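Participant: For reference, the file entry-v6.cif (mmCIF, C-alpha atoms) is included below:
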```cif
data_my_file
loop_
_atom_site.label_atom_id
_atom_site.label_comp_id
_atom_site.auth_asym_id
_atom_site.auth_seq_id
_atom_site.Cartn_x
_atom_site.Cartn_y
_atom_site.Cartn_z
CA MET H 1 -14.57 11.22 13.74
CA ARG H 2 -13.64 9.38 10.55
CA GLN H 3 -9.95 8.74 10.00
CA ILE H 4 -10.18 8.12 6.24
CA GLU H 5 -11.40 10.65 3.69
CA VAL H 6 -12.85 9.30 0.44
CA GLU H 7 -13.43 11.39 -2.66
CA THR H 8 -13.50 10.68 -6.38
CA TYR H 9 -11.70 12.17 -9.36
CA GLY H 10 -13.71 10.89 -12.29
CA ARG H 11 -13.74 7.12 -11.79
CA VAL H 12 -10.75 7.07 -9.41
CA ALA H 13 -11.27 6.92 -5.64
CA ILE H 14 -8.82 8.99 -3.60
CA LEU H 15 -8.38 7.49 -0.13
CA THR H 16 -6.67 9.88 2.28
CA LEU H 17 -5.24 8.91 5.66
CA SER H 18 -6.58 11.69 7.87
CA ARG H 19 -4.82 11.94 11.23
CA PRO H 20 -2.34 14.70 10.33
CA ASP H 21 -1.76 15.75 13.94
CA ALA H 22 -0.64 12.17 14.69
CA GLY H 23 1.50 11.69 11.59
CA ASN H 24 -1.37 9.73 10.00
CA ARG H 25 -0.41 6.78 12.21
CA ILE H 26 -2.74 3.88 11.62
CA THR H 27 -5.07 3.01 14.47
CA GLN H 28 -7.26 -0.06 14.54
CA ASP H 29 -10.23 2.09 13.55
CA MET H 30 -8.29 3.65 10.66
CA ALA H 31 -7.23 0.22 9.40
CA ASP H 32 -10.83 -0.99 9.59
CA GLU H 33 -12.11 2.14 7.81
CA LEU H 34 -9.52 1.77 5.04
CA THR H 35 -10.36 -1.92 4.66
CA ALA H 36 -14.05 -1.05 4.30
CA ALA H 37 -13.25 1.67 1.74
CA LEU H 38 -11.16 -0.72 -0.34
CA ASN H 39 -13.82 -3.42 -0.21
CA ALA H 40 -16.45 -0.88 -1.27
CA ALA H 41 -14.23 0.23 -4.18
CA ARG H 42 -13.81 -3.36 -5.34
CA SER H 43 -17.56 -3.92 -5.53
CA ASP H 44 -18.36 -0.52 -7.10
CA LYS H 45 -18.30 -0.82 -10.89
CA ALA H 46 -18.19 2.96 -11.18
CA ILE H 47 -14.74 2.98 -9.53
CA SER H 48 -11.86 1.95 -11.77
CA GLY H 49 -9.08 2.09 -9.16
CA CYS H 50 -7.76 3.81 -6.06
CA VAL H 51 -5.06 6.27 -5.05
CA LEU H 52 -3.85 6.20 -1.44
CA THR H 53 -2.35 9.37 0.03
CA GLY H 54 -1.99 11.22 3.33
CA SER H 55 -3.31 14.42 4.84
CA GLY H 56 -0.88 17.16 5.82
CA SER H 57 2.87 16.97 5.36
CA VAL H 58 3.46 13.21 5.85
CA PHE H 59 2.04 10.07 4.30
CA CYS H 60 2.14 7.77 7.34
CA LEU H 61 4.60 7.37 10.21
CA GLY H 62 3.47 3.85 11.15
CA GLY H 63 0.97 2.13 13.36
CA ASP H 64 -0.53 3.63 16.49
CA TYR H 65 0.54 0.86 18.87
CA ARG H 66 -0.35 2.87 21.95
CA GLY H 67 -3.95 3.06 20.81
CA ALA H 68 -4.14 -0.73 20.96
CA GLY H 69 -4.13 -0.50 24.75
CA PRO H 70 -2.29 -2.60 27.35
CA THR H 71 -4.13 -5.92 26.96
CA ALA H 72 -3.09 -8.90 24.83
CA ALA H 73 -6.60 -9.03 23.34
CA GLY H 74 -6.42 -5.38 22.27
CA ARG H 75 -3.01 -5.86 20.71
CA MET H 76 -4.18 -8.94 18.82
CA GLU H 77 -7.15 -6.97 17.48
CA PHE H 78 -4.76 -4.24 16.35
CA GLY H 79 -2.78 -6.88 14.45
CA ARG H 80 -5.97 -8.40 13.04
CA ALA H 81 -7.05 -5.03 11.65
CA HIS H 82 -3.73 -4.71 9.81
CA ILE H 83 -3.98 -8.25 8.44
CA ASP H 84 -7.46 -7.41 7.11
CA LEU H 85 -6.12 -4.20 5.60
CA PHE H 86 -3.28 -5.87 3.71
CA GLY H 87 -5.72 -8.54 2.54
CA ALA H 88 -8.08 -5.87 1.20
CA MET H 89 -5.22 -4.12 -0.58
CA ALA H 90 -4.13 -7.34 -2.27
CA GLY H 91 -7.72 -8.29 -3.08
CA LEU H 92 -8.83 -4.94 -4.52
CA GLY H 93 -8.93 -6.29 -8.07
CA LYS H 94 -8.19 -2.79 -9.39
CA PRO H 95 -5.07 -0.60 -9.57
CA LEU H 96 -3.93 0.77 -6.22
CA VAL H 97 -1.35 3.57 -6.45
CA ALA H 98 0.39 5.27 -3.53
CA ALA H 99 0.91 9.03 -3.70
CA LEU H 100 3.46 9.76 -0.98
CA ASN H 101 2.91 13.37 0.02
CA GLY H 102 5.64 12.95 2.65
CA HIS H 103 7.41 10.43 4.86
CA ALA H 104 6.41 6.74 4.86
CA HIS H 105 7.92 5.06 7.92
CA ALA H 106 7.39 1.73 9.68
CA GLY H 107 3.84 0.55 8.99
CA GLY H 108 3.47 3.43 6.55
CA PHE H 109 6.37 1.98 4.57
CA ALA H 110 4.64 -1.41 4.53
CA VAL H 111 1.38 0.14 3.33
CA THR H 112 3.32 1.93 0.60
CA LEU H 113 4.90 -1.28 -0.67
CA ALA H 114 1.55 -3.08 -0.52
CA CYS H 115 0.36 -0.75 -3.30
CA ASP H 116 0.92 -1.62 -6.96
CA MET H 117 2.90 1.51 -7.80
CA VAL H 118 4.36 4.41 -5.83
CA PHE H 119 4.92 8.09 -6.62
CA ALA H 120 6.66 10.26 -4.03
CA THR H 121 7.54 13.88 -3.40
CA ARG H 122 11.23 14.80 -3.36
CA ASP H 123 11.36 15.33 0.40
CA ALA H 124 9.72 12.01 1.33
CA THR H 125 11.77 9.45 3.25
CA LEU H 126 11.00 5.75 3.55
CA GLY H 127 12.15 3.10 5.99
CA LEU H 128 11.77 1.01 9.12
CA PRO H 129 12.93 3.03 12.15
CA GLU H 130 11.27 0.82 14.79
CA VAL H 131 14.56 -0.39 16.30
CA ALA H 132 15.42 3.18 17.28
CA HIS H 133 12.27 3.15 19.41
CA GLY H 134 12.91 -0.24 21.02
CA LEU H 135 10.64 -2.17 18.66
CA PHE H 136 10.98 -4.27 15.51
CA PRO H 137 8.94 -4.07 12.26
CA PHE H 138 6.95 -7.22 12.99
CA LEU H 139 3.84 -6.56 10.86
CA ALA H 140 5.74 -4.60 8.22
CA LEU H 141 8.23 -7.42 7.75
CA ALA H 142 5.64 -9.69 6.14
CA VAL H 143 5.12 -7.12 3.37
CA VAL H 144 8.51 -5.48 2.84
CA ARG H 145 10.49 -8.73 2.74
CA ASP H 146 9.10 -9.37 -0.77
CA ALA H 147 10.29 -5.98 -2.01
CA LEU H 148 13.81 -5.76 -0.57
CA PRO H 149 16.89 -7.99 -0.73
CA LYS H 150 17.59 -9.51 2.69
CA ALA H 151 20.80 -7.54 3.26
CA VAL H 152 19.10 -4.23 2.47
CA LEU H 153 16.07 -5.04 4.61
CA PHE H 154 18.15 -5.83 7.67
CA GLU H 155 20.44 -2.85 7.03
CA ILE H 156 17.60 -0.35 7.17
CA ALA H 157 15.90 -2.21 10.02
CA TYR H 158 18.99 -2.69 12.22
CA GLU H 159 20.29 0.81 11.56
CA ALA H 160 16.82 2.45 11.57
CA ARG H 161 18.06 4.13 8.38
CA LEU H 162 15.65 6.13 6.27
CA MET H 163 15.97 6.14 2.49
CA SER H 164 15.47 9.28 0.47
CA ALA H 165 12.83 9.19 -2.24
CA GLU H 166 15.60 9.09 -4.85
CA GLU H 167 17.29 6.11 -3.18
CA ALA H 168 13.94 4.34 -2.98
CA ARG H 169 13.44 5.01 -6.69
CA ALA H 170 16.92 3.65 -7.45
CA ARG H 171 15.99 0.49 -5.51
CA SER H 172 12.78 0.18 -7.58
CA LEU H 173 10.55 0.87 -4.57
CA VAL H 174 9.26 4.15 -6.02
CA ASN H 175 8.25 4.60 -9.67
CA ALA H 176 8.89 8.34 -9.89
CA VAL H 177 9.88 11.28 -7.69
CA LEU H 178 7.74 14.32 -8.43
CA PRO H 179 7.00 17.87 -7.30
CA ALA H 180 4.13 17.90 -4.80
CA THR H 181 1.79 19.61 -7.28
CA GLU H 182 2.20 16.76 -9.78
CA LEU H 183 1.75 13.90 -7.32
CA LEU H 184 -2.01 13.27 -7.31
CA PRO H 185 -2.54 14.10 -11.01
CA ARG H 186 0.16 11.58 -11.97
CA ALA H 187 -1.29 8.89 -9.70
CA VAL H 188 -4.81 9.44 -11.03
CA GLU H 189 -3.57 9.43 -14.62
CA THR H 190 -1.75 6.14 -13.99
CA VAL H 191 -4.93 4.48 -12.73
CA GLU H 192 -6.96 5.86 -15.64
CA ARG H 193 -4.44 4.65 -18.20
CA ALA H 194 -4.24 1.19 -16.66
CA THR H 195 -8.01 0.80 -16.67
CA ALA H 196 -8.66 1.97 -20.21
CA GLY H 197 -9.09 -1.64 -21.37
CA HIS H 198 -11.20 -4.53 -20.04
CA PRO H 199 -11.72 -4.20 -16.25
CA ASP H 200 -12.50 -7.88 -15.71
CA VAL H 201 -9.32 -8.96 -17.48
CA LEU H 202 -7.30 -6.46 -15.46
CA ALA H 203 -8.83 -7.80 -12.23
CA LEU H 204 -7.92 -11.37 -13.22
CA GLY H 205 -4.32 -10.34 -13.88
CA ARG H 206 -3.92 -8.34 -10.69
CA ASP H 207 -5.54 -11.05 -8.58
CA LEU H 208 -3.24 -13.60 -10.19
CA TYR H 209 -0.16 -11.62 -9.19
CA TYR H 210 -1.15 -11.37 -5.54
CA ALA H 211 -2.40 -14.96 -5.38
CA THR H 212 0.83 -16.41 -6.77
CA ARG H 213 3.35 -14.62 -4.54
CA GLY H 214 5.37 -17.31 -2.79
CA VAL H 215 3.66 -20.08 -4.77
CA PRO H 216 5.87 -22.70 -6.51
CA PRO H 217 6.22 -22.13 -10.28
CA ALA H 218 4.19 -25.19 -11.31
CA GLU H 219 1.27 -24.12 -9.13
CA ALA H 220 1.56 -20.52 -10.34
CA LEU H 221 1.44 -21.69 -13.96
CA ALA H 222 -1.66 -23.77 -13.26
CA MET H 223 -3.35 -20.74 -11.72
CA ALA H 224 -2.24 -18.61 -14.68
CA ARG H 225 -3.74 -21.14 -17.10
CA PHE H 226 -7.18 -20.80 -15.53
CA ALA H 227 -6.87 -17.01 -15.33
CA LEU H 228 -5.99 -16.89 -19.02
CA GLY H 229 -9.00 -19.03 -19.88
CA ALA H 230 -11.28 -16.76 -17.89
CA ALA H 231 -9.76 -13.66 -19.50
CA LEU H 232 -10.23 -14.98 -23.02
CA ALA H 233 -13.82 -15.91 -22.21
CA ALA H 234 -14.44 -12.40 -20.89
CA CYS H 235 -13.17 -10.97 -24.20
CA ASP H 236 -15.39 -13.17 -26.35
CA PRO H 237 -17.92 -11.19 -28.39
#
```
If you took the structure in this file and wrote it as structure tokens, what would it be?

Facilitator:
Amino acid sequence: MRQIEVETYGRVAILTLSRPDAGNRITQDMADELTAALNAARSDKAISGCVLTGSGSVFCLGGDYRGAGPTAAGRMEFGRAHIDLFGAMAGLGKPLVAALNGHAHAGGFAVTLACDMVFATRDATLGLPEVAHGLFPFLALAVVRDALPKAVLFEIAYEARLMSAEEARARSLVNAVLPATELLPRAVETVERATAGHPDVLALGRDLYYATRGVPPAEALAMARFALGAALAACDP
């Protein structure tokens, strides 16, 4: 049974995490399916961007570590699938907007922050509660550390504290807090508005952002110079 549902609204692909009975926890198969869906969206010129949401009452409560099995090889494959997923999210080349229909915890929080923009329902909570379960947000840390000041990151990790959607918005982790009925329409509208111009130029700009994270300023400027040249060439009549 597939763990990702894919449908389109106009030119926007809606990718839905579909394990509602398991809190939409991400298994290795789900990560691989989502990676494949994102890669397909990147290569499909009929798709302008993607919205990521969850089935049921939560967005995603994290990774399904138990499904990785008891062996080191299985656990490494579980980690590999998540690495591939975050790579596909960064490499989409098109807008990727999260529509949090509910809680985004642990790995679900990391997936949220790996999107370009985030809209959330009022009752959604976000955070890293792994410590309360005897774990630590190992995979999530690589993503969320870029979005949170160190003191805040360790506060929510050490205390397993969940942020409300409004607190997440105040910390610039969520763009807007909306009624549930407005969530998907707003996310789709955001993708459509962002892609109303030149798709190749947009892809160059988005790729530049993700490629230059953690890169020294001089190197980032050199990469920006070439991206600008390519963008201007794409706009030539």

Participant: Using only C-alpha atoms, which protein or nucleic acid residues come within 7 Å of H:Lys94? Drop anything in the same chain fewer than 4 positions from it, and give the result as a list in words.

Facilitator: Arg42, Ser48, Gly49 and Ala203 of chain H

Participant: So that I can see what lies close to stretch 160-169 of chain H, please list as a PyMOL selection string the residues with an atom at most 7 Å from it, counting only C-alpha atoms and leaving out residues fewer than 3 positions away in the same chain.

Facilitator: chain H and resi 120+122-132+156-157+172-177

Participant: Which residue, H:Ser43, H:Val6, H:Ala37, H:Val58, has the smallest gap to H:Arg25 when you use all atoms listed in the file?

Facilitator: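 So, comparing all the options, the nearest one is H:Val58.
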
Participant: Set the distance at 8 Å and use all atoms listed in the file: which residues neighbour H:Ile26 once local chain neighbours fewer than 6 positions away are removed? I'd like the list as a ChimeraX atom specification.

Facilitator: /H:60,62-64,107

Participant: Between H:Leu221, H:Ala81, H:Ala104, H:Ala98, which is the closest to H:Phe119 once you count all atoms listed in the file?

Facilitator: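 Of H:Leu221, H:Ala81, H:Ala104, H:Ala98, the one nearest H:Phe119, counting all atoms listed in the file, is H:Ala98.
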
Participant: Fewer than 4 positions away in the same chain doesn't count, so skip those; otherwise give me all residues within 8 Å of H:Val12, counting all atoms listed in the file, as a PyMOL selection string.

Facilitator: chain H and resi 8+47-51+188+191-192

Participant: Find the distance between atom CA of H:His133 and atom CA of H:Asp21 and write it in Å to one decimal.

Facilitator: 19.6 Å

Participant: For atom CA of H:Val97 and atom CA of H:Leu17, quote the distance in Å rounded to one decimal.

Facilitator: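 It comes out at 13.8 Å.
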
Participant: For the structure provided, state which residues fall under the PyMOL selection byres ((chain H and resi 200) around 12), and present them as a PyMOL selection string.

Facilitator: chain H and resi 42+45+48+93-94+195-199+201-207+227-228+230-235

Participant: In the coordinates of the file, take the point (1.4, 8.6, -3.6) and a cut-off of 9 Å; then, counting all atoms listed in the file, name each qualifying protein, DNA or RNA residue as a list of chain:residue names.

Facilitator: H:Val51, H:Leu52, H:Thr53, H:Gly54, H:Phe59, H:Val97, H:Ala98, H:Ala99, H:Leu100, H:Asn101, H:Gly102, H:Thr112, H:Met117, H:Val118, H:Phe119, H:Ala120, H:Thr121, H:Leu183, H:Leu184, H:Arg186, H:Ala187

Participant: Calculate how many Å separate atom CA of H:Met89 from atom CA of H:Ala31, rounding to one decimal.

Facilitator: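 Separation between atom CA of H:Met89 and atom CA of H:Ala31: 11.1 Å.
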
Participant: Can you tell me, as a list in words, what residues are no more than 9 Å from H:Met223 when counting only C-alpha atoms, ignoring any on the same chain fewer than 5 positions away?

Facilitator: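 Once the adjacent positions are removed, what remains is Leu208, Ala211, Thr212, Ala218 and Leu228 of chain H.
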
Participant: Show me as a list of chain:residue names the residues that reach within 8 Å of (2.9, -1.9, 9.5), counting all atoms listed in the file and using the file's own coordinates.

Facilitator: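 So the residues meeting the distance criterion are H:Gly62, H:Gly63, H:His82, H:Ala106, H:Gly107, H:Gly108, H:Phe109, H:Ala110, H:Val111, H:Pro137, H:Phe138, H:Leu139, H:Ala140, H:Leu141.
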
Participant: Using all atoms listed in the file, which of the listed residues (H:Leu34, H:Gly56, H:Ile4, H:Phe78) sits closest to H:Ala180?

Facilitator: H:Gly56
